[in-house]
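See below for protein.cif, which holds mmCIF, C-alpha atoms.
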```cif
data_upload
loop_
_atom_site.label_atom_id
_atom_site.label_comp_id
_atom_site.auth_asym_id
_atom_site.auth_seq_id
_atom_site.Cartn_x
_atom_site.Cartn_y
_atom_site.Cartn_z
CA MET A 30 35.17 32.92 85.71
CA THR A 31 33.27 36.09 84.91
CA LYS A 32 36.34 37.69 83.49
CA SER A 33 38.17 34.77 82.04
CA LYS A 34 37.60 36.09 78.60
CA ILE A 35 40.19 34.18 76.77
CA ILE A 36 38.68 34.18 73.40
CA ILE A 37 40.27 31.54 71.31
CA PRO A 38 38.49 32.32 68.15
CA ALA A 39 36.74 29.55 66.38
CA ALA A 40 38.63 26.38 66.60
CA ALA A 41 41.76 28.18 67.67
CA ALA A 42 43.74 25.83 65.70
CA LEU A 43 46.75 26.01 63.57
CA PHE A 44 44.70 25.77 60.56
CA GLY A 45 41.78 24.27 62.26
CA VAL A 46 39.83 27.31 61.53
CA SER A 47 41.36 28.41 58.35
CA ALA A 48 40.82 24.92 57.29
CA VAL A 49 37.20 25.13 56.82
CA TRP A 50 37.19 27.37 53.85
CA SER A 51 34.69 26.81 51.17
CA GLY A 52 36.82 28.42 48.58
CA PRO A 53 35.48 30.62 45.94
CA VAL A 54 37.68 29.31 43.20
CA MET A 55 39.84 32.38 43.01
CA ALA A 56 42.26 31.21 40.37
CA ALA A 57 44.99 30.17 42.71
CA THR A 58 47.00 28.83 39.86
CA THR A 59 48.83 32.07 39.32
CA ALA A 60 51.10 31.50 36.43
CA SER A 61 54.17 32.68 38.25
CA PRO A 62 55.05 36.18 37.13
CA VAL A 63 57.81 35.86 34.60
CA ILE A 64 59.98 38.64 35.92
CA ALA A 65 63.56 37.51 35.82
CA GLU A 66 64.83 39.76 38.65
CA VAL A 67 62.20 38.58 41.06
CA ALA A 68 62.97 34.93 41.26
CA VAL A 69 60.13 34.30 43.73
CA ASP A 70 57.92 31.81 41.99
CA GLN A 71 54.65 32.59 43.77
CA SER A 72 53.56 35.53 45.91
CA ALA A 73 52.94 34.83 49.59
CA ALA A 74 49.20 35.51 49.23
CA ASN A 75 49.00 33.12 46.28
CA VAL A 76 50.68 30.39 48.29
CA ILE A 77 48.01 30.78 50.98
CA GLN A 78 45.30 30.65 48.34
CA SER A 79 46.82 27.44 46.96
CA LEU A 80 46.92 25.94 50.43
CA ALA A 81 43.27 26.93 50.94
CA ASP A 82 42.19 25.39 47.66
CA GLN A 83 44.15 22.23 48.26
CA ALA A 84 42.92 21.79 51.83
CA MET A 85 39.40 22.39 50.60
CA ALA A 86 39.75 19.81 47.88
CA GLU A 87 41.50 17.15 49.94
CA LEU A 88 40.39 17.40 53.55
CA THR A 89 36.70 18.22 53.53
CA ASP A 90 35.48 14.99 51.94
CA GLN A 91 33.12 13.58 54.56
CA THR A 92 33.72 10.00 53.47
CA LEU A 93 37.44 10.17 54.35
CA GLY A 94 38.56 8.03 57.27
CA ASP A 95 40.12 9.98 60.14
CA ASP A 96 43.52 8.36 59.57
CA VAL A 97 43.57 9.25 55.90
CA ARG A 98 42.53 12.83 56.64
CA ARG A 99 45.34 13.16 59.17
CA GLN A 100 47.88 11.83 56.68
CA LYS A 101 46.73 14.35 54.08
CA PHE A 102 46.95 17.09 56.70
CA VAL A 103 50.55 16.11 57.47
CA ALA A 104 51.36 16.09 53.75
CA LEU A 105 49.98 19.64 53.42
CA MET A 106 52.11 20.80 56.35
CA ASP A 107 55.17 19.23 54.69
CA ARG A 108 54.50 21.15 51.56
CA TYR A 109 53.47 24.56 52.90
CA PHE A 110 55.23 24.90 56.28
CA GLU A 111 58.94 25.19 56.97
CA MET A 112 58.68 22.46 59.57
CA GLU A 113 62.26 22.49 60.78
CA VAL A 114 62.02 26.17 61.64
CA VAL A 115 58.62 25.69 63.29
CA SER A 116 59.96 22.73 65.28
CA ARG A 117 62.98 24.61 66.51
CA PHE A 118 60.88 27.65 67.34
CA VAL A 119 58.37 25.75 69.48
CA LEU A 120 61.22 24.13 71.42
CA GLY A 121 62.47 27.57 72.45
CA ARG A 122 65.93 27.55 73.95
CA TYR A 123 65.84 23.78 74.28
CA TRP A 124 66.50 23.11 70.59
CA ARG A 125 70.19 23.53 71.36
CA SER A 126 70.25 20.43 73.47
CA ILE A 127 68.98 18.10 70.77
CA SER A 128 70.54 16.77 67.59
CA LYS A 129 69.57 17.15 63.95
CA GLU A 130 68.10 13.64 63.89
CA GLU A 131 66.08 14.40 67.00
CA ILE A 132 64.75 17.59 65.41
CA ASP A 133 63.57 15.56 62.40
CA GLU A 134 61.90 13.05 64.67
CA PHE A 135 60.36 15.83 66.74
CA SER A 136 59.10 17.50 63.58
CA LYS A 137 57.21 14.34 62.57
CA LEU A 138 55.75 14.07 66.06
CA LEU A 139 54.68 17.71 65.99
CA GLN A 140 52.96 17.31 62.63
CA ASN A 141 51.09 14.25 63.80
CA TYR A 142 50.13 16.00 67.03
CA LEU A 143 48.74 18.97 65.12
CA ALA A 144 46.98 16.66 62.66
CA LEU A 145 45.41 14.79 65.55
CA ASN A 146 44.08 18.01 67.04
CA TYR A 147 43.05 19.87 63.94
CA ALA A 148 42.52 17.65 60.90
CA ASN A 149 39.04 16.73 62.06
CA GLN A 150 37.97 20.37 62.00
CA PHE A 151 37.76 20.03 58.23
CA LYS A 152 35.01 17.48 58.50
CA ALA A 153 32.29 19.81 59.66
CA PHE A 154 32.37 22.85 57.46
CA ASN A 155 29.25 24.35 56.11
CA GLY A 156 28.88 27.63 54.26
CA GLU A 157 32.12 29.18 55.48
CA GLN A 158 34.34 31.15 53.14
CA PHE A 159 38.06 31.78 53.23
CA VAL A 160 39.16 35.11 51.82
CA VAL A 161 42.82 35.96 51.25
CA GLY A 162 43.58 39.64 51.81
CA SER A 163 46.59 41.93 51.70
CA GLU A 164 50.26 41.30 52.43
CA THR A 165 52.34 43.28 54.93
CA GLU A 166 56.13 43.22 55.06
CA LYS A 167 57.81 43.37 58.45
CA ASN A 168 61.52 42.87 58.75
CA LYS A 169 62.30 39.59 56.99
CA ASP A 170 58.79 38.27 56.95
CA THR A 171 55.67 38.69 54.90
CA PHE A 172 52.38 38.58 56.77
CA VAL A 173 49.40 37.48 54.71
CA ASN A 174 46.04 38.62 56.09
CA SER A 175 43.03 36.43 55.56
CA GLN A 176 39.51 36.06 56.88
CA PHE A 177 37.46 33.07 57.66
CA VAL A 178 33.90 34.21 57.06
CA ARG A 179 31.23 32.27 58.91
CA PRO A 180 27.51 32.33 58.18
CA ASP A 181 26.74 32.56 61.91
CA GLY A 182 29.02 34.96 63.71
CA PRO A 183 31.69 37.54 63.06
CA PRO A 184 34.56 36.76 60.66
CA VAL A 185 37.77 35.38 62.13
CA ASN A 186 41.01 37.13 61.22
CA ILE A 187 43.91 34.85 60.40
CA VAL A 188 47.42 36.09 59.69
CA TRP A 189 50.03 33.84 58.07
CA ARG A 190 53.66 34.61 58.83
CA MET A 191 55.78 33.64 55.83
CA ARG A 192 59.40 33.75 54.84
CA LEU A 193 61.34 33.02 51.67
CA PHE A 194 63.29 29.76 51.56
CA ASP A 195 64.99 29.08 48.23
CA ASN A 196 62.58 31.49 46.55
CA HIS A 197 59.53 29.74 47.92
CA TYR A 198 57.33 31.34 50.52
CA LYS A 199 56.89 28.94 53.41
CA ILE A 200 54.65 29.38 56.47
CA ILE A 201 56.44 29.75 59.80
CA ASP A 202 53.53 30.88 62.01
CA VAL A 203 49.77 31.36 62.03
CA SER A 204 47.92 33.90 64.19
CA ILE A 205 44.20 33.70 64.80
CA GLU A 206 42.71 36.94 66.15
CA GLY A 207 46.10 38.00 67.41
CA LEU A 208 46.92 34.65 69.05
CA SER A 209 50.05 33.13 67.59
CA MET A 210 49.93 29.36 67.38
CA GLY A 211 53.74 29.16 67.32
CA ILE A 212 54.13 31.28 70.45
CA THR A 213 51.33 29.44 72.27
CA GLN A 214 52.82 26.07 71.41
CA ARG A 215 56.30 27.24 72.37
CA ASP A 216 55.11 28.55 75.74
CA GLU A 217 53.30 25.30 76.43
CA PHE A 218 56.07 22.96 75.25
CA THR A 219 58.86 24.79 77.07
CA SER A 220 56.73 24.73 80.22
CA VAL A 221 56.39 20.94 79.92
CA ILE A 222 60.15 20.60 79.51
CA GLN A 223 60.83 22.98 82.38
CA GLN A 224 58.43 21.12 84.68
CA ASN A 225 60.46 17.97 84.00
CA ASN A 226 63.90 19.27 84.97
CA ASP A 227 64.69 20.56 81.47
CA ASP A 228 64.35 17.11 79.99
CA VAL A 229 63.20 17.36 76.36
CA SER A 230 62.34 13.68 76.22
CA ALA A 231 59.48 14.35 78.69
CA LEU A 232 57.84 16.39 75.94
CA THR A 233 58.50 13.86 73.19
CA SER A 234 57.12 11.07 75.40
CA ALA A 235 53.97 13.11 76.02
CA LEU A 236 53.61 13.76 72.29
CA LYS A 237 54.13 10.09 71.53
CA ALA A 238 51.48 9.16 74.06
CA LYS A 239 49.05 11.63 72.48
CA THR A 240 49.70 10.61 68.90
CA GLY A 241 50.24 6.91 69.51
CA LEU A 242 53.51 6.96 67.56
CA MET B 27 59.82 31.35 79.73
CA SER B 28 58.27 34.37 78.18
CA ASP B 29 55.69 34.37 80.93
CA PHE B 30 56.79 35.91 84.21
CA ASP B 31 55.25 33.52 86.72
CA PRO B 32 57.17 33.61 90.01
CA ILE B 33 54.30 32.14 92.03
CA GLU B 34 53.60 29.33 89.57
CA PRO B 35 53.16 26.61 92.22
CA VAL B 36 50.44 28.65 93.94
CA ASN B 37 48.88 29.59 90.61
CA ARG B 38 48.71 25.96 89.56
CA VAL B 39 46.86 25.08 92.77
CA VAL B 40 44.35 27.91 92.26
CA HIS B 41 44.01 26.86 88.62
CA GLY B 42 43.16 23.36 89.77
CA VAL B 43 40.59 24.55 92.32
CA ASN B 44 39.02 26.87 89.74
CA GLY B 45 38.77 23.96 87.35
CA ALA B 46 37.00 21.84 89.96
CA VAL B 47 34.54 24.61 90.84
CA ASP B 48 33.98 25.27 87.16
CA PHE B 49 33.34 21.58 86.51
CA MET B 50 30.70 21.48 89.24
CA VAL B 51 28.94 24.78 88.67
CA LEU B 52 29.67 26.98 85.70
CA TYR B 53 30.55 24.37 83.10
CA PRO B 54 27.30 22.37 83.39
CA ALA B 55 25.33 25.64 83.40
CA ALA B 56 27.16 26.81 80.26
CA MET B 57 26.57 23.50 78.48
CA TRP B 58 22.90 23.60 79.40
CA TYR B 59 22.65 27.19 78.15
CA ARG B 60 24.49 26.28 74.95
CA ASP B 61 22.15 23.41 74.21
CA ILE B 62 18.76 24.86 75.11
CA ALA B 63 18.89 28.64 74.51
CA PRO B 64 17.91 29.65 70.97
CA GLU B 65 20.40 31.80 69.02
CA PRO B 66 18.38 35.06 69.28
CA VAL B 67 18.37 34.69 73.08
CA LYS B 68 22.13 34.19 73.14
CA THR B 69 22.65 37.24 70.93
CA SER B 70 20.47 39.35 73.23
CA VAL B 71 22.24 38.15 76.34
CA ALA B 72 25.61 38.92 74.75
CA SER B 73 24.42 42.45 74.00
CA PHE B 74 23.08 42.87 77.53
CA VAL B 75 26.37 41.78 79.08
CA ARG B 76 28.39 44.06 76.80
CA ASN B 77 26.08 46.95 77.61
CA LEU B 78 26.81 46.59 81.33
CA ASN B 79 30.47 47.26 80.52
CA GLU B 80 29.84 50.44 78.54
CA PRO B 81 30.16 52.94 81.44
CA LEU B 82 33.59 51.52 82.21
CA ASN B 83 34.52 51.32 78.53
CA SER B 84 33.70 55.00 78.22
CA LEU B 85 35.52 56.02 81.38
CA ASN B 86 38.66 54.10 80.48
CA ALA B 87 38.70 55.38 76.90
CA LEU B 88 38.60 58.90 78.40
CA LEU B 89 41.44 58.07 80.79
CA GLN B 90 43.45 56.82 77.82
CA GLY B 91 43.03 60.23 76.17
CA ASP B 92 40.57 59.04 73.55
CA PRO B 93 37.48 61.28 73.95
CA ASP B 94 36.03 60.10 70.62
CA GLN B 95 35.95 56.49 71.77
CA ALA B 96 34.67 57.58 75.19
CA ALA B 97 31.80 59.40 73.50
CA ALA B 98 31.09 56.41 71.27
CA SER B 99 30.87 54.01 74.23
CA PHE B 100 28.68 56.46 76.14
CA GLN B 101 26.44 56.90 73.12
CA ARG B 102 26.15 53.13 72.78
CA PHE B 103 25.16 52.87 76.43
CA ILE B 104 22.40 55.48 76.12
CA MET B 105 21.06 54.14 72.82
CA ASN B 106 21.14 50.48 73.74
CA SER B 107 19.73 51.00 77.24
CA THR B 108 16.72 52.87 75.84
CA LEU B 109 16.02 52.02 72.20
CA GLY B 110 17.73 48.68 72.70
CA PHE B 111 15.54 47.82 75.69
CA LEU B 112 17.98 47.64 78.62
CA GLY B 113 20.79 46.63 76.31
CA PHE B 114 19.24 43.45 74.99
CA ASN B 115 19.47 44.78 71.46
CA ASP B 116 22.63 46.29 70.08
CA VAL B 117 20.92 48.99 68.03
CA ALA B 118 24.02 51.19 68.22
CA ALA B 119 25.94 48.64 66.15
CA ASP B 120 23.26 48.96 63.46
CA PHE B 121 23.98 52.68 63.47
CA GLY B 122 27.63 51.93 62.84
CA ILE B 123 29.05 52.37 66.36
CA PRO B 124 30.92 49.15 67.10
CA TYR B 125 31.61 47.80 70.57
CA ARG B 126 35.06 48.23 72.08
CA ARG B 127 36.21 46.89 75.40
CA GLU B 128 38.36 49.19 77.53
CA ASP B 129 39.19 48.30 81.12
CA PHE B 130 41.53 49.83 83.68
CA GLY B 131 44.16 47.17 83.06
CA GLN B 132 44.33 48.40 79.48
CA THR B 133 44.44 52.00 80.72
CA LEU B 134 47.45 51.17 82.90
CA ALA B 135 49.10 49.45 79.94
CA HIS B 136 48.40 52.54 77.83
CA TYR B 137 50.57 54.52 80.25
CA GLY B 138 53.33 51.97 80.07
CA VAL B 139 52.60 49.78 83.09
CA GLY B 140 53.88 46.27 82.44
CA ALA B 141 51.86 43.13 83.06
CA GLY B 142 53.84 42.08 86.12
CA PRO B 143 53.65 38.55 87.48
CA TYR B 144 50.99 36.16 86.21
CA ILE B 145 48.24 35.55 88.75
CA VAL B 146 45.42 33.03 88.65
CA LEU B 147 42.61 34.66 90.62
CA PRO B 148 40.23 32.47 92.60
CA LEU B 149 36.99 31.97 90.63
CA ILE B 150 37.94 34.61 88.05
CA GLY B 151 40.88 32.82 86.47
CA PRO B 152 43.90 34.05 84.46
CA SER B 153 45.16 37.55 85.26
CA ASN B 154 48.33 39.40 86.16
CA LEU B 155 49.26 42.02 88.71
CA ARG B 156 48.37 44.94 86.44
CA ASP B 157 45.05 43.48 85.37
CA SER B 158 44.15 42.47 88.94
CA VAL B 159 44.63 46.07 90.05
CA GLY B 160 42.58 47.05 87.01
CA LEU B 161 39.74 44.74 88.06
CA GLY B 162 39.70 46.30 91.52
CA VAL B 163 39.67 49.85 90.19
CA ASP B 164 36.96 49.01 87.65
CA TYR B 165 34.88 47.44 90.40
CA VAL B 166 35.07 50.55 92.55
CA ALA B 167 34.59 52.93 89.61
CA ASN B 168 31.65 51.08 88.09
CA PRO B 169 28.46 53.18 88.48
CA LEU B 170 26.50 49.92 88.72
CA THR B 171 28.28 48.97 91.95
CA TRP B 172 27.49 52.37 93.47
CA GLY B 173 23.83 51.73 92.79
CA ALA B 174 24.06 48.29 94.36
CA GLN B 175 25.38 49.79 97.58
CA ASN B 176 22.45 52.12 97.93
CA SER B 177 19.44 50.01 97.20
CA ASP B 178 18.42 46.40 97.70
CA THR B 179 16.67 46.24 94.35
CA ALA B 180 19.75 47.56 92.57
CA GLU B 181 21.89 45.07 94.45
CA ALA B 182 19.68 42.14 93.42
CA LEU B 183 19.82 43.33 89.81
CA TYR B 184 23.57 43.76 90.05
CA LEU B 185 24.15 40.28 91.44
CA GLY B 186 21.81 38.85 88.83
CA SER B 187 23.71 40.59 86.08
CA ILE B 188 26.97 39.15 87.41
CA GLY B 189 25.43 35.69 87.21
CA VAL B 190 24.25 36.28 83.65
CA SER B 191 27.67 37.65 82.68
CA ALA B 192 29.43 34.62 84.16
CA LEU B 193 27.14 32.29 82.25
CA HIS B 194 27.61 34.22 79.01
CA TYR B 195 31.41 34.38 79.22
CA ARG B 196 31.64 30.70 80.09
CA TYR B 197 29.34 29.77 77.23
CA ALA B 198 31.26 32.00 74.80
CA THR B 199 34.47 30.07 75.45
CA VAL B 200 33.15 26.61 76.23
CA ASN B 201 33.89 24.93 72.90
CA GLN B 202 37.35 26.44 72.52
CA LEU B 203 38.39 25.66 76.09
CA ASN B 204 37.11 22.10 75.75
CA GLU B 205 39.26 21.69 72.64
CA LEU B 206 42.26 23.27 74.30
CA GLN B 207 41.94 21.12 77.38
CA LYS B 208 41.68 17.99 75.26
CA SER B 209 44.56 18.79 72.91
CA SER B 210 47.06 20.42 75.26
CA ILE B 211 49.80 18.70 77.18
CA ASP B 212 50.06 21.50 79.74
CA TYR B 213 46.66 23.23 79.85
CA TYR B 214 47.83 25.69 82.50
CA ALA B 215 50.78 26.88 80.39
CA ALA B 216 48.67 27.10 77.23
CA LEU B 217 46.08 29.26 79.03
CA ARG B 218 48.80 31.46 80.48
CA SER B 219 50.25 32.08 77.04
CA LEU B 220 46.87 32.75 75.45
CA TYR B 221 45.88 35.15 78.25
CA ARG B 222 49.03 37.21 77.71
CA GLN B 223 48.57 37.34 73.95
CA GLN B 224 44.85 38.09 74.22
CA ARG B 225 45.47 41.01 76.60
CA ASN B 226 48.20 42.39 74.36
CA THR B 227 45.82 42.28 71.40
CA LEU B 228 43.15 44.12 73.42
CA ILE B 229 45.68 46.71 74.55
CA ARG B 230 46.57 47.37 70.91
CA ASN B 231 42.83 47.58 70.19
CA GLY B 232 43.10 44.70 67.78
CA ALA B 233 45.80 46.29 65.65
CA PRO B 234 48.49 43.89 64.47
CA ALA B 235 51.60 43.82 66.61
CA PRO B 236 54.24 46.30 65.48
CA ALA B 237 57.41 44.69 64.15
CA SER B 238 59.22 45.46 67.39
CA ALA B 239 56.55 43.72 69.47
CA VAL B 240 56.51 40.73 67.15
CA GLU B 241 60.16 40.32 67.97
CA ASP B 242 59.66 41.07 71.66
CA GLU B 243 57.14 38.27 71.96
CA SER B 244 59.84 35.85 70.96
CA ALA B 245 62.79 37.82 72.22
CA GLU B 246 64.27 34.89 74.03
CA PHE B 247 64.27 32.77 70.94
CA SER B 248 63.09 34.26 67.69
CA PHE B 249 62.17 32.88 64.31
CA ASP B 250 65.47 34.30 63.07
CA ASP B 251 67.34 32.06 65.48
CA ALA B 252 65.27 29.10 64.36
CA VAL B 253 65.95 29.81 60.69
CA GLU B 254 69.64 30.20 61.34
CA ALA B 255 69.75 26.97 63.30
CA ALA B 256 67.86 25.12 60.60
CA SER B 257 70.25 26.24 57.89
CA GLN B 258 73.33 24.97 59.68
#
```
Would it be possible to restate this file's structure as structure tokens?
Amino acid sequence: MTKSKIIIPAAAALFGVSAVWSGPVMAATTASPVIAEVAVDQSAANVIQSLADQAMAELTDQTLGDDVRRQKFVALMDRYFEMEVVSRFVLGRYWRSISKEEIDEFSKLLQNYLALNYANQFKAFNGEQFVVGSETEKNKDTFVNSQFVRPDGPPVNIVWRMRLFDNHYKIIDVSIEGLSMGITQRDEFTSVIQQNNDDVSALTSALKAKTGL
Amino acid sequence: MSDFDPIEPVNRVVHGVNGAVDFMVLYPAAMWYRDIAPEPVKTSVASFVRNLNEPLNSLNALLQGDPDQAAASFQRFIMNSTLGFLGFNDVAADFGIPYRREDFGQTLAHYGVGAGPYIVLPLIGPSNLRDSVGLGVDYVANPLTWGAQNSDTAEALYLGSIGVSALHYRYATVNQLNELQKSSIDYYAALRSLYRQQRNTLIRNGAPAPASAVEDESAEFSFDDAVEAASQ
């Protein structure tokens, strides 16, 4: 294993890492710029700051039960992620073979799966800071750069891929040190489906078994 | 899917054997090291292991037509091996010369060589055809291996340093891989995807993916397709 240098930075989690921000209260409540032509109600970077502040306020309470923390995590994903797009993306070409109702069901499963894996990361934060940086536009998407600054160790770079839906910026992917969670999850999920003769229900069964839903 | 893995059945077997060997040897050693070694020791070992790579970092930077980076890596090697006491202290970083990994796999990629099929190497783990060739070339080109062939003392030191490197790399990833193994449904596929992405990030020297590459990553099914499907 000398060269198996897969570095999955920090918790390598869809906001597992970014989760643990101890936020300097950087006035996330941007009174939305009242410019009529730009109907966008909050800049992409401000949305990320809001998410950071809210996650900080709601998820880091050490007295929370694990179930409650997971529910709050799911609620945050509902609010800040465009879950239908994420769900379809991680299913790769297989989304075509499933119905709208199945996508909704899958989306719930996915959120609970991610909550199961990552919500607990918020429990143990200590002295970390989350700093929202610049925005970059690429094609249709806005990429918000941010850093998770740890007291012991180099900072972790996190990039949020966002897109406008009805004038709201919603998250469609998160990359941690260049590793896209959406792409990783898609590669894994499609492999599971492929290993089971292209049967999507093999994946949903596995997710149900994991999440206990 | 987006991973070209024509020998997947073989790879999965090697992956399984590697996991078993890891579980018996390297994993317990890494956990022991994690729990007993104090932080300053771990930092020094990390510097030592990085320093062993510097001759190759320098050589490959040169091959990639980047003499400035080649000089920086060489300078780091000289400074850290002397002032830094055999590389245990990264004094060069304090002088503002950061570490950068360059291997022959990255050099090949620099000249447009594609990754080729995914290969799980025995003991070493995730790789691909390009990076496996890179490993071989780096092994032959490494000045430390020349030394090992010519003297028993050098060979003992070389083998020892390989052991230390193995321990360090396993320790450096132990928490993340534990998490991944616990959370994933298909650990093999998750590792395969992360290896590809990690190599691509190294090849770009940490720069964000250009827009074209962002799309290439998901060429088979992009976010645009997902958005379109969701709006129907």
Check which residues satisfy the PyMOL selection byres ((chain B and resi 96) around 8) in the file shown, then give them as a ChimeraX atom specification. /B:83-88,92-95,97-100
Determine the residue set returned by the PyMOL selection byres ((chain B and resi 43) around 12) for the present structure, and present it as JSON, numbers by chain. {"A": [30], "B": [36, 37, 38, 39, 40, 41, 42, 44, 45, 46, 47, 48, 49, 50, 146, 147, 148, 149, 150, 151]}
Selection export as a PDB file, in the frame of the given file, atoms kept: C-alpha atoms:
```
ATOM      1  CA  MET A  30      35.170  32.920  85.710  1.00  0.00           C
TER       2      MET A  30
ATOM      3  CA  VAL B  36      50.440  28.650  93.940  1.00  0.00           C
ATOM      4  CA  ASN B  37      48.880  29.590  90.610  1.00  0.00           C
ATOM      5  CA  ARG B  38      48.710  25.960  89.560  1.00  0.00           C
ATOM      6  CA  VAL B  39      46.860  25.080  92.770  1.00  0.00           C
ATOM      7  CA  VAL B  40      44.350  27.910  92.260  1.00  0.00           C
ATOM      8  CA  HIS B  41      44.010  26.860  88.620  1.00  0.00           C
ATOM      9  CA  GLY B  42      43.160  23.360  89.770  1.00  0.00           C
ATOM     10  CA  ASN B  44      39.020  26.870  89.740  1.00  0.00           C
ATOM     11  CA  GLY B  45      38.770  23.960  87.350  1.00  0.00           C
ATOM     12  CA  ALA B  46      37.000  21.840  89.960  1.00  0.00           C
ATOM     13  CA  VAL B  47      34.540  24.610  90.840  1.00  0.00           C
ATOM     14  CA  ASP B  48      33.980  25.270  87.160  1.00  0.00           C
ATOM     15  CA  PHE B  49      33.340  21.580  86.510  1.00  0.00           C
ATOM     16  CA  MET B  50      30.700  21.480  89.240  1.00  0.00           C
ATOM     17  CA  VAL B 146      45.420  33.030  88.650  1.00  0.00           C
ATOM     18  CA  LEU B 147      42.610  34.660  90.620  1.00  0.00           C
ATOM     19  CA  PRO B 148      40.230  32.470  92.600  1.00  0.00           C
ATOM     20  CA  LEU B 149      36.990  31.970  90.630  1.00  0.00           C
ATOM     21  CA  ILE B 150      37.940  34.610  88.050  1.00  0.00           C
ATOM     22  CA  GLY B 151      40.880  32.820  86.470  1.00  0.00           C
TER      23      GLY B 151
END
```
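Picture a line from CA of Asn226 in chain B to CA of Leu155 in chain B; it runs 14.4 Å.
Evaluated against the shown file, the PyMOL selection byres ((chain A and resi 144-146) around 8) gives A:Ala42, A:Arg99, A:Gln100, A:Phe102, A:Val103, A:Gln140, A:Asn141, A:Tyr142, A:Leu143, A:Tyr147, A:Ala148, A:Asn149, A:Thr240, B:Ser209.
When CA of His197 in chain A is paired with CA of Arg108 in chain A, their separation reads 10.6 Å.
From CA of Met191 in chain A back to CA of Val114 in chain A, the distance works out to 11.3 Å.
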Could you add N, CA, C and O atoms to range 194-205 of chain B and give me the result as a PDB file, in the coordinates of the input?
```
ATOM      1  N   HIS B 194      27.318  33.852  80.400  1.00  0.00           N
ATOM      2  CA  HIS B 194      27.610  34.220  79.010  1.00  0.00           C
ATOM      3  C   HIS B 194      29.081  34.003  78.665  1.00  0.00           C
ATOM      4  O   HIS B 194      29.414  33.412  77.639  1.00  0.00           O
ATOM      5  N   TYR B 195      29.984  34.494  79.540  1.00  0.00           N
ATOM      6  CA  TYR B 195      31.410  34.380  79.220  1.00  0.00           C
ATOM      7  C   TYR B 195      31.848  32.914  79.186  1.00  0.00           C
ATOM      8  O   TYR B 195      32.674  32.523  78.357  1.00  0.00           O
ATOM      9  N   ARG B 196      31.262  32.122  80.084  1.00  0.00           N
ATOM     10  CA  ARG B 196      31.640  30.700  80.090  1.00  0.00           C
ATOM     11  C   ARG B 196      31.131  30.022  78.817  1.00  0.00           C
ATOM     12  O   ARG B 196      31.841  29.231  78.192  1.00  0.00           O
ATOM     13  N   TYR B 197      29.902  30.347  78.450  1.00  0.00           N
ATOM     14  CA  TYR B 197      29.340  29.770  77.230  1.00  0.00           C
ATOM     15  C   TYR B 197      30.168  30.185  76.011  1.00  0.00           C
ATOM     16  O   TYR B 197      30.455  29.377  75.129  1.00  0.00           O
ATOM     17  N   ALA B 198      30.563  31.470  75.976  1.00  0.00           N
ATOM     18  CA  ALA B 198      31.260  32.000  74.800  1.00  0.00           C
ATOM     19  C   ALA B 198      32.593  31.291  74.568  1.00  0.00           C
ATOM     20  O   ALA B 198      33.114  31.297  73.457  1.00  0.00           O
ATOM     21  N   THR B 199      33.158  30.696  75.617  1.00  0.00           N
ATOM     22  CA  THR B 199      34.470  30.070  75.450  1.00  0.00           C
ATOM     23  C   THR B 199      34.415  28.555  75.614  1.00  0.00           C
ATOM     24  O   THR B 199      35.448  27.899  75.549  1.00  0.00           O
ATOM     25  N   VAL B 200      33.224  28.012  75.805  1.00  0.00           N
ATOM     26  CA  VAL B 200      33.150  26.610  76.230  1.00  0.00           C
ATOM     27  C   VAL B 200      33.720  25.640  75.200  1.00  0.00           C
ATOM     28  O   VAL B 200      34.503  24.747  75.529  1.00  0.00           O
ATOM     29  N   ASN B 201      33.394  25.862  73.925  1.00  0.00           N
ATOM     30  CA  ASN B 201      33.890  24.930  72.900  1.00  0.00           C
ATOM     31  C   ASN B 201      35.407  25.012  72.754  1.00  0.00           C
ATOM     32  O   ASN B 201      36.097  23.994  72.679  1.00  0.00           O
ATOM     33  N   GLN B 202      35.913  26.253  72.715  1.00  0.00           N
ATOM     34  CA  GLN B 202      37.350  26.440  72.520  1.00  0.00           C
ATOM     35  C   GLN B 202      38.146  25.880  73.699  1.00  0.00           C
ATOM     36  O   GLN B 202      39.177  25.239  73.515  1.00  0.00           O
ATOM     37  N   LEU B 203      37.655  26.149  74.920  1.00  0.00           N
ATOM     38  CA  LEU B 203      38.390  25.660  76.090  1.00  0.00           C
ATOM     39  C   LEU B 203      38.317  24.138  76.183  1.00  0.00           C
ATOM     40  O   LEU B 203      39.283  23.501  76.588  1.00  0.00           O
ATOM     41  N   ASN B 204      37.188  23.562  75.792  1.00  0.00           N
ATOM     42  CA  ASN B 204      37.110  22.100  75.750  1.00  0.00           C
ATOM     43  C   ASN B 204      38.184  21.528  74.822  1.00  0.00           C
ATOM     44  O   ASN B 204      38.888  20.574  75.158  1.00  0.00           O
ATOM     45  N   GLU B 205      38.265  22.131  73.622  1.00  0.00           N
ATOM     46  CA  GLU B 205      39.260  21.690  72.640  1.00  0.00           C
ATOM     47  C   GLU B 205      40.674  21.822  73.194  1.00  0.00           C
ATOM     48  O   GLU B 205      41.499  20.919  73.070  1.00  0.00           O
TER      49      GLU B 205
END
```
